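Undergrad: File target.pdb follows (PDB, C-alpha atoms and all ligand atoms):
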ATOM      1  CA  MET A   1     -17.222 138.946 -50.525
ATOM      2  CA  LYS A   2     -15.759 141.239 -47.869
ATOM      3  CA  GLN A   3     -12.321 140.033 -46.880
ATOM      4  CA  ALA A   4      -9.288 141.566 -45.146
ATOM      5  CA  LYS A   5      -5.812 140.282 -44.385
ATOM      6  CA  ALA A   6      -3.761 141.616 -41.453
ATOM      7  CA  PHE A   7      -0.254 141.013 -40.123
ATOM      8  CA  ALA A   8       0.614 141.152 -36.413
ATOM      9  CA  PRO A   9       4.200 141.065 -35.159
ATOM     10  CA  ALA A  10       5.878 138.798 -32.634
ATOM     11  CA  SER A  11       6.693 140.362 -29.287
ATOM     12  CA  VAL A  12       8.843 140.109 -26.184
ATOM     13  CA  GLY A  13       6.619 139.664 -23.125
ATOM     14  CA  ASN A  14       7.682 140.921 -19.669
ATOM     15  CA  VAL A  15      10.814 142.701 -21.039
ATOM     16  CA  ALA A  16      12.648 141.317 -17.993
ATOM     17  CA  VAL A  17      11.232 143.551 -15.272
ATOM     18  CA  GLY A  18       7.531 143.885 -16.105
ATOM     19  CA  PHE A  19       6.029 140.430 -15.592
ATOM     20  CA  ASP A  20       2.668 140.294 -17.436
ATOM     21  CA  VAL A  21       2.771 144.105 -17.740
ATOM     22  CA  LEU A  22       5.505 145.175 -20.188
ATOM     23  CA  GLY A  23       5.805 144.051 -23.787
ATOM     24  CA  GLN A  24       7.707 145.055 -26.906
ATOM     25  CA  ALA A  25       6.972 144.420 -30.578
ATOM     26  CA  LEU A  26       9.587 142.841 -32.858
ATOM     27  CA  ASP A  27      10.183 143.812 -36.458
ATOM     28  CA  GLY A  28      10.136 140.775 -38.772
ATOM     29  CA  PRO A  29       8.442 137.608 -37.537
ATOM     30  CA  GLY A  30       4.657 137.585 -37.190
ATOM     31  CA  ASP A  31       1.357 135.901 -37.972
ATOM     32  CA  THR A  32      -1.080 136.744 -40.767
ATOM     33  CA  ALA A  33      -4.859 136.319 -40.599
ATOM     34  CA  THR A  34      -7.282 136.411 -43.520
ATOM     35  CA  VAL A  35     -10.798 137.146 -42.305
ATOM     36  CA  THR A  36     -14.008 136.985 -44.337
ATOM     37  CA  LEU A  37     -17.212 138.661 -43.195
ATOM     38  CA  MET A  38     -20.092 136.164 -43.196
ATOM     39  CA  SER A  39     -23.792 136.254 -42.378
ATOM     40  CA  SER A  40     -23.610 133.088 -40.281
ATOM     41  CA  GLY A  41     -23.647 134.713 -36.838
ATOM     42  CA  VAL A  42     -20.697 132.522 -35.766
ATOM     43  CA  VAL A  43     -16.905 132.332 -35.999
ATOM     44  CA  VAL A  44     -15.317 129.520 -37.997
ATOM     45  CA  VAL A  45     -11.585 128.786 -37.993
ATOM     46  CA  LYS A  46     -11.212 127.463 -41.527
ATOM     47  CA  ALA A  47      -7.507 126.737 -41.776
ATOM     48  CA  ILE A  48      -4.203 127.088 -39.923
ATOM     49  CA  ARG A  49      -1.050 126.925 -42.035
ATOM     50  CA  GLY A  50       2.645 127.046 -41.179
ATOM     51  CA  CYS A  51       2.402 125.175 -37.903
ATOM     52  CA  PRO A  52       3.775 121.644 -37.536
ATOM     53  CA  HIS A  53       1.824 121.117 -34.288
ATOM     54  CA  ALA A  54      -1.955 120.725 -34.327
ATOM     55  CA  LEU A  55      -3.744 123.820 -33.069
ATOM     56  CA  PRO A  56      -7.443 123.758 -32.126
ATOM     57  CA  LEU A  57      -9.847 124.589 -34.950
ATOM     58  CA  GLU A  58     -12.766 124.906 -32.532
ATOM     59  CA  ALA A  59     -13.333 128.677 -32.394
ATOM     60  CA  ALA A  60     -13.690 129.003 -28.607
ATOM     61  CA  ALA A  61     -10.438 127.108 -28.004
ATOM     62  CA  ASN A  62      -8.446 128.908 -30.713
ATOM     63  CA  THR A  63      -6.761 132.207 -29.856
ATOM     64  CA  ALA A  64      -7.917 133.949 -33.074
ATOM     65  CA  GLY A  65     -11.347 132.314 -33.003
ATOM     66  CA  ARG A  66     -11.963 133.300 -29.388
ATOM     67  CA  ALA A  67     -10.853 136.885 -30.040
ATOM     68  CA  LEU A  68     -13.183 137.175 -33.039
ATOM     69  CA  GLN A  69     -16.068 135.804 -30.953
ATOM     70  CA  SER A  70     -15.541 138.743 -28.595
ATOM     71  CA  LEU A  71     -15.448 141.152 -31.542
ATOM     72  CA  LEU A  72     -18.755 139.710 -32.849
ATOM     73  CA  ALA A  73     -20.490 141.169 -29.780
ATOM     74  CA  HIS A  74     -19.772 144.584 -31.355
ATOM     75  CA  ALA A  75     -20.703 143.623 -34.929
ATOM     76  CA  PRO A  76     -24.113 144.066 -36.582
ATOM     77  CA  GLU A  77     -26.768 141.427 -35.738
ATOM     78  CA  GLY A  78     -26.202 138.183 -37.686
ATOM     79  CA  ALA A  79     -22.609 138.935 -38.711
ATOM     80  CA  GLY A  80     -20.069 136.128 -38.606
ATOM     81  CA  PHE A  81     -16.382 135.638 -39.397
ATOM     82  CA  GLU A  82     -14.357 132.970 -41.146
ATOM     83  CA  VAL A  83     -10.620 133.085 -40.419
ATOM     84  CA  GLU A  84      -7.546 131.508 -41.989
ATOM     85  CA  LEU A  85      -4.227 131.764 -40.153
ATOM     86  CA  ASP A  86      -0.715 131.724 -41.569
ATOM     87  CA  LYS A  87       1.597 131.178 -38.630
ATOM     88  CA  GLY A  88       5.005 132.829 -38.850
ATOM     89  CA  ILE A  89       5.824 132.394 -35.165
ATOM     90  CA  ALA A  90       6.787 129.022 -33.703
ATOM     91  CA  LEU A  91       4.519 127.596 -31.030
ATOM     92  CA  GLY A  92       5.760 127.678 -27.430
ATOM     93  CA  SER A  93       8.695 129.891 -28.424
ATOM     94  CA  GLY A  94       8.134 132.822 -26.060
ATOM     95  CA  MET A  95       7.661 135.165 -29.013
ATOM     96  CA  GLY A  96       3.972 135.915 -28.496
ATOM     97  CA  GLY A  97       2.577 133.650 -31.220
ATOM     98  CA  SER A  98      -0.866 133.148 -29.682
ATOM     99  CA  ALA A  99      -1.167 136.901 -29.149
ATOM    100  CA  ALA A 100      -0.127 137.691 -32.732
ATOM    101  CA  SER A 101      -2.761 135.328 -34.148
ATOM    102  CA  ALA A 102      -5.473 136.934 -32.021
ATOM    103  CA  VAL A 103      -4.359 140.457 -32.907
ATOM    104  CA  ALA A 104      -4.026 139.774 -36.656
ATOM    105  CA  ALA A 105      -7.532 138.262 -36.728
ATOM    106  CA  LEU A 106      -8.992 141.197 -34.804
ATOM    107  CA  VAL A 107      -7.338 143.875 -36.927
ATOM    108  CA  ALA A 108      -8.574 142.160 -40.106
ATOM    109  CA  GLY A 109     -12.060 141.574 -38.642
ATOM    110  CA  ASN A 110     -12.316 145.144 -37.390
ATOM    111  CA  ALA A 111     -11.494 146.472 -40.879
ATOM    112  CA  LEU A 112     -14.607 144.663 -42.148
ATOM    113  CA  LEU A 113     -17.053 146.196 -39.664
ATOM    114  CA  PRO A 114     -19.222 149.140 -40.771
ATOM    115  CA  THR A 115     -18.223 150.893 -37.531
ATOM    116  CA  PRO A 116     -14.778 149.754 -36.351
ATOM    117  CA  VAL A 117     -14.428 149.292 -32.581
ATOM    118  CA  SER A 118     -12.079 151.280 -30.332
ATOM    119  CA  LEU A 119      -8.558 150.288 -29.364
ATOM    120  CA  SER A 120      -9.649 149.320 -25.840
ATOM    121  CA  VAL A 121     -12.349 146.962 -27.202
ATOM    122  CA  LEU A 122      -9.788 145.369 -29.528
ATOM    123  CA  TYR A 123      -7.321 145.048 -26.658
ATOM    124  CA  GLN A 124      -9.828 143.333 -24.358
ATOM    125  CA  ALA A 125     -10.922 140.982 -27.171
ATOM    126  CA  ALA A 126      -7.263 140.134 -27.848
ATOM    127  CA  MET A 127      -6.771 139.255 -24.176
ATOM    128  CA  ASP A 128      -9.817 136.945 -24.419
ATOM    129  CA  GLY A 129      -7.972 135.189 -27.250
ATOM    130  CA  GLU A 130      -4.729 135.021 -25.252
ATOM    131  CA  ALA A 131      -6.598 133.454 -22.329
ATOM    132  CA  ALA A 132      -7.991 130.733 -24.622
ATOM    133  CA  ALA A 133      -4.447 129.750 -25.594
ATOM    134  CA  SER A 134      -2.393 130.222 -22.457
ATOM    135  CA  GLY A 135      -4.995 129.872 -19.710
ATOM    136  CA  SER A 136      -4.169 133.321 -18.370
ATOM    137  CA  ARG A 137      -5.532 136.749 -19.258
ATOM    138  CA  HIS A 138      -2.412 138.869 -19.666
ATOM    139  CA  GLY A 139      -1.836 141.645 -22.193
ATOM    140  CA  ASP A 140       1.942 141.907 -22.383
ATOM    141  CA  ASN A 141       2.073 140.252 -25.817
ATOM    142  CA  VAL A 142      -1.222 141.402 -27.340
ATOM    143  CA  ALA A 143      -0.656 145.090 -26.457
ATOM    144  CA  PRO A 144       2.703 145.493 -28.252
ATOM    145  CA  SER A 145       1.546 143.314 -31.145
ATOM    146  CA  LEU A 146      -1.436 145.634 -31.561
ATOM    147  CA  LEU A 147       0.299 148.976 -31.032
ATOM    148  CA  GLY A 148       3.965 148.353 -31.793
ATOM    149  CA  GLY A 149       6.883 149.632 -29.721
ATOM    150  CA  LEU A 150       7.211 149.176 -25.969
ATOM    151  CA  VAL A 151       3.961 149.286 -24.008
ATOM    152  CA  ILE A 152       2.519 148.858 -20.546
ATOM    153  CA  ALA A 153      -0.378 146.384 -20.704
ATOM    154  CA  PRO A 154      -2.925 147.080 -17.960
ATOM    155  CA  ALA A 155      -5.745 144.701 -17.020
ATOM    156  CA  GLU A 156      -8.313 147.431 -17.745
ATOM    157  CA  GLY A 157      -8.260 150.415 -20.098
ATOM    158  CA  GLU A 158      -5.957 151.111 -22.999
ATOM    159  CA  PRO A 159      -2.291 150.070 -23.171
ATOM    160  CA  VAL A 160       0.197 152.839 -22.381
ATOM    161  CA  ARG A 161       3.064 153.540 -24.786
ATOM    162  CA  VAL A 162       6.586 153.892 -23.355
ATOM    163  CA  PRO A 163       9.228 155.720 -25.418
ATOM    164  CA  VAL A 164      12.401 153.847 -26.327
ATOM    165  CA  PRO A 165      15.752 155.389 -27.268
ATOM    166  CA  SER A 166      16.222 155.890 -31.022
ATOM    167  CA  TRP A 167      19.464 153.887 -30.839
ATOM    168  CA  LEU A 168      17.808 150.850 -29.224
ATOM    169  CA  PHE A 169      17.937 147.510 -31.039
ATOM    170  CA  VAL A 170      16.706 144.170 -29.741
ATOM    171  CA  ALA A 171      18.378 140.818 -30.340
ATOM    172  CA  LEU A 172      16.114 137.804 -29.955
ATOM    173  CA  VAL A 173      17.259 134.216 -30.174
ATOM    174  CA  HIS A 174      14.802 131.357 -30.452
ATOM    175  CA  PRO A 175      16.238 127.928 -29.581
ATOM    176  CA  HIS A 176      14.522 124.988 -31.251
ATOM    177  CA  ALA A 177      12.707 123.794 -28.149
ATOM    178  CA  VAL A 178       9.102 124.160 -27.053
ATOM    179  CA  LEU A 179       8.236 125.559 -23.631
ATOM    180  CA  GLU A 180       4.513 125.751 -22.981
ATOM    181  CA  THR A 181       3.367 128.950 -21.292
ATOM    182  CA  LYS A 182       1.265 126.918 -18.841
ATOM    183  CA  ARG A 183       4.362 124.986 -17.736
ATOM    184  CA  ALA A 184       6.486 128.134 -17.472
ATOM    185  CA  ARG A 185       3.771 129.777 -15.381
ATOM    186  CA  ALA A 186       3.497 126.731 -13.119
ATOM    187  CA  ALA A 187       7.190 127.241 -12.278
ATOM    188  CA  LEU A 188       6.229 130.551 -10.653
ATOM    189  CA  ALA A 189       3.903 129.033  -8.053
ATOM    190  CA  GLY A 190       4.953 129.579  -4.454
ATOM    191  CA  SER A 191       5.567 132.435  -2.110
ATOM    192  CA  TYR A 192       7.620 135.571  -2.714
ATOM    193  CA  ALA A 193       9.478 137.586  -0.105
ATOM    194  CA  LEU A 194       8.534 141.254   0.275
ATOM    195  CA  SER A 195      12.201 142.121  -0.267
ATOM    196  CA  GLU A 196      12.071 140.446  -3.725
ATOM    197  CA  PHE A 197       9.026 142.524  -4.636
ATOM    198  CA  VAL A 198      10.772 145.722  -3.496
ATOM    199  CA  HIS A 199      13.921 144.818  -5.427
ATOM    200  CA  GLN A 200      11.940 144.143  -8.622
ATOM    201  CA  SER A 201       9.897 147.354  -8.226
ATOM    202  CA  GLU A 202      13.116 149.333  -7.938
ATOM    203  CA  ARG A 203      14.452 147.764 -11.149
ATOM    204  CA  LEU A 204      11.197 148.457 -12.994
ATOM    205  CA  ALA A 205      11.177 152.085 -11.854
ATOM    206  CA  VAL A 206      14.815 152.587 -12.905
ATOM    207  CA  PHE A 207      14.115 150.864 -16.232
ATOM    208  CA  LEU A 208      11.146 153.147 -17.016
ATOM    209  CA  ALA A 209      13.170 156.214 -16.024
ATOM    210  CA  GLY A 210      15.895 154.998 -18.382
ATOM    211  CA  CYS A 211      13.401 154.627 -21.234
ATOM    212  CA  HIS A 212      12.074 158.146 -20.766
ATOM    213  CA  ALA A 213      15.555 159.657 -20.478
ATOM    214  CA  ALA A 214      17.081 157.431 -23.199
ATOM    215  CA  ASP A 215      19.812 156.762 -20.622
ATOM    216  CA  ALA A 216      21.841 153.619 -21.313
ATOM    217  CA  ALA A 217      23.349 153.517 -17.808
ATOM    218  CA  LEU A 218      19.887 153.533 -16.183
ATOM    219  CA  LEU A 219      18.676 150.836 -18.577
ATOM    220  CA  ARG A 220      21.698 148.695 -17.717
ATOM    221  CA  ARG A 221      20.801 149.003 -14.008
ATOM    222  CA  GLY A 222      17.090 148.456 -14.549
ATOM    223  CA  LEU A 223      17.100 145.522 -16.952
ATOM    224  CA  GLU A 224      17.391 142.781 -14.389
ATOM    225  CA  ASP A 225      14.597 140.412 -13.411
ATOM    226  CA  VAL A 226      15.166 139.186  -9.861
ATOM    227  CA  LEU A 227      11.694 137.674  -9.468
ATOM    228  CA  VAL A 228      10.726 135.480 -12.423
ATOM    229  CA  GLU A 229      13.949 134.736 -14.319
ATOM    230  CA  PRO A 230      15.619 132.765 -11.491
ATOM    231  CA  ARG A 231      12.526 130.534 -11.219
ATOM    232  CA  ARG A 232      12.254 129.873 -14.963
ATOM    233  CA  ALA A 233      15.934 129.692 -15.912
ATOM    234  CA  PRO A 234      16.183 125.940 -15.085
ATOM    235  CA  LEU A 235      13.568 125.281 -17.815
ATOM    236  CA  ILE A 236      15.884 126.667 -20.535
ATOM    237  CA  PRO A 237      19.016 124.610 -21.377
ATOM    238  CA  GLY A 238      22.119 126.799 -21.311
ATOM    239  CA  PHE A 239      20.237 129.929 -20.175
ATOM    240  CA  ALA A 240      22.974 131.277 -17.861
ATOM    241  CA  GLU A 241      25.616 130.927 -20.610
ATOM    242  CA  VAL A 242      23.314 132.465 -23.237
ATOM    243  CA  LYS A 243      22.635 135.483 -21.038
ATOM    244  CA  ALA A 244      26.318 135.856 -20.154
ATOM    245  CA  ALA A 245      27.226 135.703 -23.869
ATOM    246  CA  ALA A 246      24.857 138.587 -24.657
ATOM    247  CA  LEU A 247      26.280 140.688 -21.821
ATOM    248  CA  ARG A 248      29.867 139.927 -22.941
ATOM    249  CA  ALA A 249      28.873 141.181 -26.408
ATOM    250  CA  GLY A 250      28.003 144.499 -24.756
ATOM    251  CA  ALA A 251      24.208 144.204 -24.316
ATOM    252  CA  LEU A 252      22.585 146.476 -21.716
ATOM    253  CA  GLY A 253      20.647 143.511 -20.363
ATOM    254  CA  ALA A 254      19.287 140.124 -21.388
ATOM    255  CA  SER A 255      16.529 137.899 -20.095
ATOM    256  CA  ILE A 256      13.843 135.386 -21.019
ATOM    257  CA  SER A 257      11.435 136.539 -23.741
ATOM    258  CA  GLY A 258       7.923 136.037 -22.369
ATOM    259  CA  ALA A 259       7.575 132.541 -20.978
ATOM    260  CA  GLY A 260      10.689 131.371 -22.901
ATOM    261  CA  PRO A 261      12.624 129.553 -24.146
ATOM    262  CA  SER A 262      13.620 132.485 -26.417
ATOM    263  CA  VAL A 263      16.073 134.961 -24.914
ATOM    264  CA  PHE A 264      16.284 138.650 -25.794
ATOM    265  CA  ALA A 265      18.858 141.378 -25.263
ATOM    266  CA  TRP A 266      18.588 145.167 -25.366
ATOM    267  CA  CYS A 267      21.465 146.726 -27.275
ATOM    268  CA  GLU A 268      22.974 150.056 -28.279
ATOM    269  CA  GLY A 269      22.806 149.958 -32.067
ATOM    270  CA  ARG A 270      22.296 147.301 -34.723
ATOM    271  CA  ALA A 271      25.910 146.099 -34.779
ATOM    272  CA  GLN A 272      25.908 145.349 -31.040
ATOM    273  CA  ALA A 273      22.529 143.584 -31.356
ATOM    274  CA  GLN A 274      23.888 141.415 -34.185
ATOM    275  CA  ALA A 275      26.967 140.572 -32.096
ATOM    276  CA  ALA A 276      24.749 139.672 -29.105
ATOM    277  CA  ALA A 277      22.489 137.544 -31.318
ATOM    278  CA  ASP A 278      25.484 135.655 -32.775
ATOM    279  CA  ALA A 279      26.929 135.094 -29.297
ATOM    280  CA  MET A 280      23.590 133.795 -27.970
ATOM    281  CA  VAL A 281      23.156 131.423 -30.932
ATOM    282  CA  ALA A 282      26.660 130.045 -30.273
ATOM    283  CA  ALA A 283      25.888 129.607 -26.564
ATOM    284  CA  PHE A 284      22.663 127.739 -27.300
ATOM    285  CA  GLY A 285      24.662 125.621 -29.757
ATOM    286  CA  ALA A 286      27.104 124.729 -26.976
ATOM    287  CA  ALA A 287      24.071 123.627 -24.929
ATOM    288  CA  GLY A 288      22.984 121.360 -27.786
ATOM    289  CA  LEU A 289      20.225 123.546 -29.260
ATOM    290  CA  LYS A 290      19.989 125.005 -32.749
ATOM    291  CA  ALA A 291      18.611 128.541 -32.680
ATOM    292  CA  ASP A 292      17.269 131.280 -34.966
ATOM    293  CA  ALA A 293      18.208 134.905 -34.415
ATOM    294  CA  PHE A 294      16.280 138.098 -35.073
ATOM    295  CA  VAL A 295      17.491 141.686 -34.799
ATOM    296  CA  SER A 296      14.817 144.351 -34.493
ATOM    297  CA  VAL A 297      14.578 148.095 -34.086
ATOM    298  CA  GLY A 298      13.411 149.070 -30.594
ATOM    299  CA  ALA A 299      10.274 150.818 -31.825
ATOM    300  CA  ALA A 300       8.923 148.160 -34.205
ATOM    301  CA  PRO A 301       5.560 148.769 -35.912
ATOM    302  CA  GLY A 302       2.389 147.082 -34.666
ATOM    303  CA  ALA A 303      -0.350 145.160 -36.485
ATOM    304  CA  ARG A 304      -1.648 146.422 -39.811
ATOM    305  CA  VAL A 305      -4.048 145.513 -42.612
ATOM    306  CA  VAL A 306      -1.983 144.255 -45.557
ATOM    307  CA  ALA A 307      -4.724 143.528 -48.121
ATOM    308  CA  ARG A 308      -8.473 143.942 -48.527
TER     309      ARG A 308
HETATM  310  N1  LIG A 401       3.823 137.304 -19.363
HETATM  311  C1  LIG A 401       3.645 135.965 -19.847
HETATM  312  C2  LIG A 401       4.490 135.017 -19.048
HETATM  313  C3  LIG A 401       4.038 135.927 -21.288
HETATM  314  O1  LIG A 401       5.644 135.341 -18.810
HETATM  315  O2  LIG A 401       4.002 133.961 -18.644
HETATM  316  C4  LIG A 401       3.733 134.600 -21.930
HETATM  317  O3  LIG A 401       2.448 134.543 -22.455
END
Output the file's structure as structure tokens, nothing else.
TA:
Amino acid sequence: MKQAKAFAPASVGNVAVGFDVLGQALDGPGDTATVTLMSSGVVVVKAIRGCPHALPLEAAANTAGRALQSLLAHAPEGAGFEVELDKGIALGSGMGGSAASAVAALVAGNALLPTPVSLSVLYQAAMDGEAAASGSRHGDNVAPSLLGGLVIAPAEGEPVRVPVPSWLFVALVHPHAVLETKRARAALAGSYALSEFVHQSERLAVFLAGCHAADAALLRRGLEDVLVEPRRAPLIPGFAEVKAAALRAGALGASISGAGPSVFAWCEGRAQAQAAADAMVAAFGAAGLKADAFVSVGAAPGARVVAR
């Protein structure tokens, strides 16, 4: 029996200024997929563990199942996959759980193929999986989960890696509340002024310059989302106080992780990230929400095969 197990990390989508385009891997939380090569010609989602909410077992509606269906198009005639998922990322948390499941399944499935597919094929298949879960084909969680680090996730072609300063640490706080991506995306409907677009573009450009120069002052100026955050903030209890707490702890910037409700902060060093995480947990507590905190290196590793 040919079987492989892969782990894919959680991620921060958008990274404040790059809506649907920038994403960053987190060290620690993640999903694991165990994939078995079959001769059935189909994909079967056999089990999902570690998730209190029911997730679809029908392959086409499941993020990992849908991604593996896309990979099957590149597998030898008659090949099939059976997948078991161990969820380590809470559903609707804004930590890229659907992306991690798709990526873990693909990395395990790819390891079983006689001729593994390219990164761009894996990336496109992962976005197919993401679309099955969130209703939108965006790569800002699948790309960092696949590659690690901070990446630009284009609609076509391979993701582009962006360097991060060696001293960068990320604090991420996950309040115990569920915010569905579809609902968070619905909050963005409506028109946008050209001036808002220009303002956000300026921030994104300054942010990317700051990443390349490892310049904390530029990152502090660039890490501000003027487009999406104001429209989603009302969906997250205590958001303004949580963000302010991270900034008071010295963070370079803080914003919503992906679609939320998790909040992340970019920090200079592990100690500052821990202080920001503690301050954000306390602020969520004051808003009536328990929260978990994670502190990650800035350049966290991407998905990998862990057993075969
Ligand atoms: N870029 C996405 C969003 C991430 O913010 O809606 C969540 O899947």
Undergrad: I need the output of the PyMOL selection byres (((not hetatm)) within 7 of (chain A and resi 401)) for this file as a PyMOL selection string; which residues are they?
TA: chain A and resi 13-14+19-20+94+96+134+138+140-141+181+184-185+258-259
Undergrad: For the residues selected in the previous step, produce a file with C-alpha atoms as a compact mmCIF listing (two decimals), in the coordinates of the input.
TA:
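File part.txt, as written:
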# COMPACT_ATOMS: atom_id res chain seq x y z
CA GLY A 13 6.62 139.66 -23.12
CA ASN A 14 7.68 140.92 -19.67
CA PHE A 19 6.03 140.43 -15.59
CA ASP A 20 2.67 140.29 -17.44
CA GLY A 94 8.13 132.82 -26.06
CA GLY A 96 3.97 135.92 -28.50
CA SER A 134 -2.39 130.22 -22.46
CA HIS A 138 -2.41 138.87 -19.67
CA ASP A 140 1.94 141.91 -22.38
CA ASN A 141 2.07 140.25 -25.82
CA THR A 181 3.37 128.95 -21.29
CA ALA A 184 6.49 128.13 -17.47
CA ARG A 185 3.77 129.78 -15.38
CA GLY A 258 7.92 136.04 -22.37
CA ALA A 259 7.58 132.54 -20.98
Undergrad: Pick from A:Leu72, A:Val226, A:Cys211, A:Val44: nearest to A:Ala125, with all atoms listed in the file counted?
TA: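 Going through A:Leu72, A:Val226, A:Cys211, A:Val44 one by one, the smallest distance to A:Ala125 is for A:Leu72.
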Undergrad: Which residues come within 7 Å of A:Asp128, counting all atoms listed in the file, excluding same-chain residues fewer than 6 positions away, as a list in words?
TA: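 After dropping sequence-adjacent residues, the list is Arg66, Ala67 and Arg137 of chain A.
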Undergrad: Go through A:Val17, A:Phe264, A:Ala293, A:Val242 one by one, measure the shortest atom-to-atom distance of each to A:Gln200 using only C-alpha atoms, and give the residue with the smallest value.
TA: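 Looking only at the distances to A:Gln200, the closest residue turns out to be A:Val17.
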Undergrad: Which neighbours of A:Glu268 fall inside 8 Å, counting only C-alpha atoms, when residues of the same chain fewer than 6 positions from it are skipped, and could you give them as a PDB file with C-alpha atoms, keeping the file's coordinate frame?
TA:
ATOM      1  CA  TRP A 167      19.464 153.887 -30.839  1.00  0.00           C
ATOM      2  CA  LEU A 168      17.808 150.850 -29.224  1.00  0.00           C
ATOM      3  CA  PHE A 169      17.937 147.510 -31.039  1.00  0.00           C
ATOM      4  CA  ALA A 216      21.841 153.619 -21.313  1.00  0.00           C
ATOM      5  CA  ALA A 251      24.208 144.204 -24.316  1.00  0.00           C
ATOM      6  CA  LEU A 252      22.585 146.476 -21.716  1.00  0.00           C
TER       7      LEU A 252
END
Undergrad: Using only C-alpha atoms, list the residues that have an atom at most 6 Å from (18.9, 131.6, -34.8), coordinates as in the file, as number ranges by chain.
TA: A: 173-174, 281, 291-293
Undergrad: Neighbouring residues of A:Ser191 were defined as those with any atom within 12 Å, considering only C-alpha atoms; residues of the same chain fewer than 4 positions away were excluded. Please report them as a ChimeraX atom specification.
TA: /A:187,195-197,227-228,231
Undergrad: Determine, for each residue of stretch 48-110 of chain A having at least one atom at most 8 Å from an atom of stretch 143-161 of chain A, the closest pair of atoms and their separation in Å to one decimal, counting all atoms listed in the file; order by chain and ascending number, as JSON lines.
TA:
{"residue": "A:Ala99", "atom": "CA", "partner": "A:Ser145", "partner_atom": "CA", "distance": 7.2}
{"residue": "A:Ala100", "atom": "CA", "partner": "A:Ser145", "partner_atom": "CA", "distance": 6.1}
{"residue": "A:Val103", "atom": "CA", "partner": "A:Leu146", "partner_atom": "CA", "distance": 6.1}
Undergrad: For A:Ile256, which residue out of A:Ser166, A:Thr32, A:Gln272, A:Ser93 is the nearest one, using all atoms listed in the file?
TA: A:Ser93
Undergrad: May I have the residues within 9 Å of A:Val42 as a list in words, using all atoms listed in the file and disregarding those fewer than 3 positions away in the same chain?
TA: Met38, Ser39, Ala59, Gln69, Leu72, Gly78, Ala79, Gly80, Phe81 and Glu82 of chain A
Undergrad: Can you list what the PyMOL selection byres (((chain A and resi 206) around 12) and not hetatm) grabs from this structure, as a ChimeraX atom specification?
TA: /A:17-18,199-205,207-224
Undergrad: Just to confirm, what's the straight-line distance from atom CA of A:Leu113 to atom CA of A:Gly23 in Å (one decimal)?
TA: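 Computing it gives 27.9 Å between the two atoms.
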Undergrad: Can you work out the spacing between atom CA of A:Gln3 and atom CA of A:Ala60 in Å, to one decimal?
TA: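 So the two atoms, atom CA of A:Gln3 and atom CA of A:Ala60, lie 21.4 Å apart.
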Undergrad: Find, counting all atoms listed in the file, the residue in A:Lys87, A:Arg308, A:His74, A:Lys243 that gets nearest to A:Ser101.
TA: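 Between A:Lys87, A:Arg308, A:His74, A:Lys243, the residue approaching A:Ser101 most closely is A:Lys87.
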Undergrad: Just the residues within 6 Å of A:Ala6, please, counting all atoms listed in the file, with nothing from its chain fewer than 6 positions along; format it as a list in words.
TA: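 Within the cut-off, the hits are Thr32, Ala33, Ala104, Ala108, Arg304, Val305 and Val306 of chain A.
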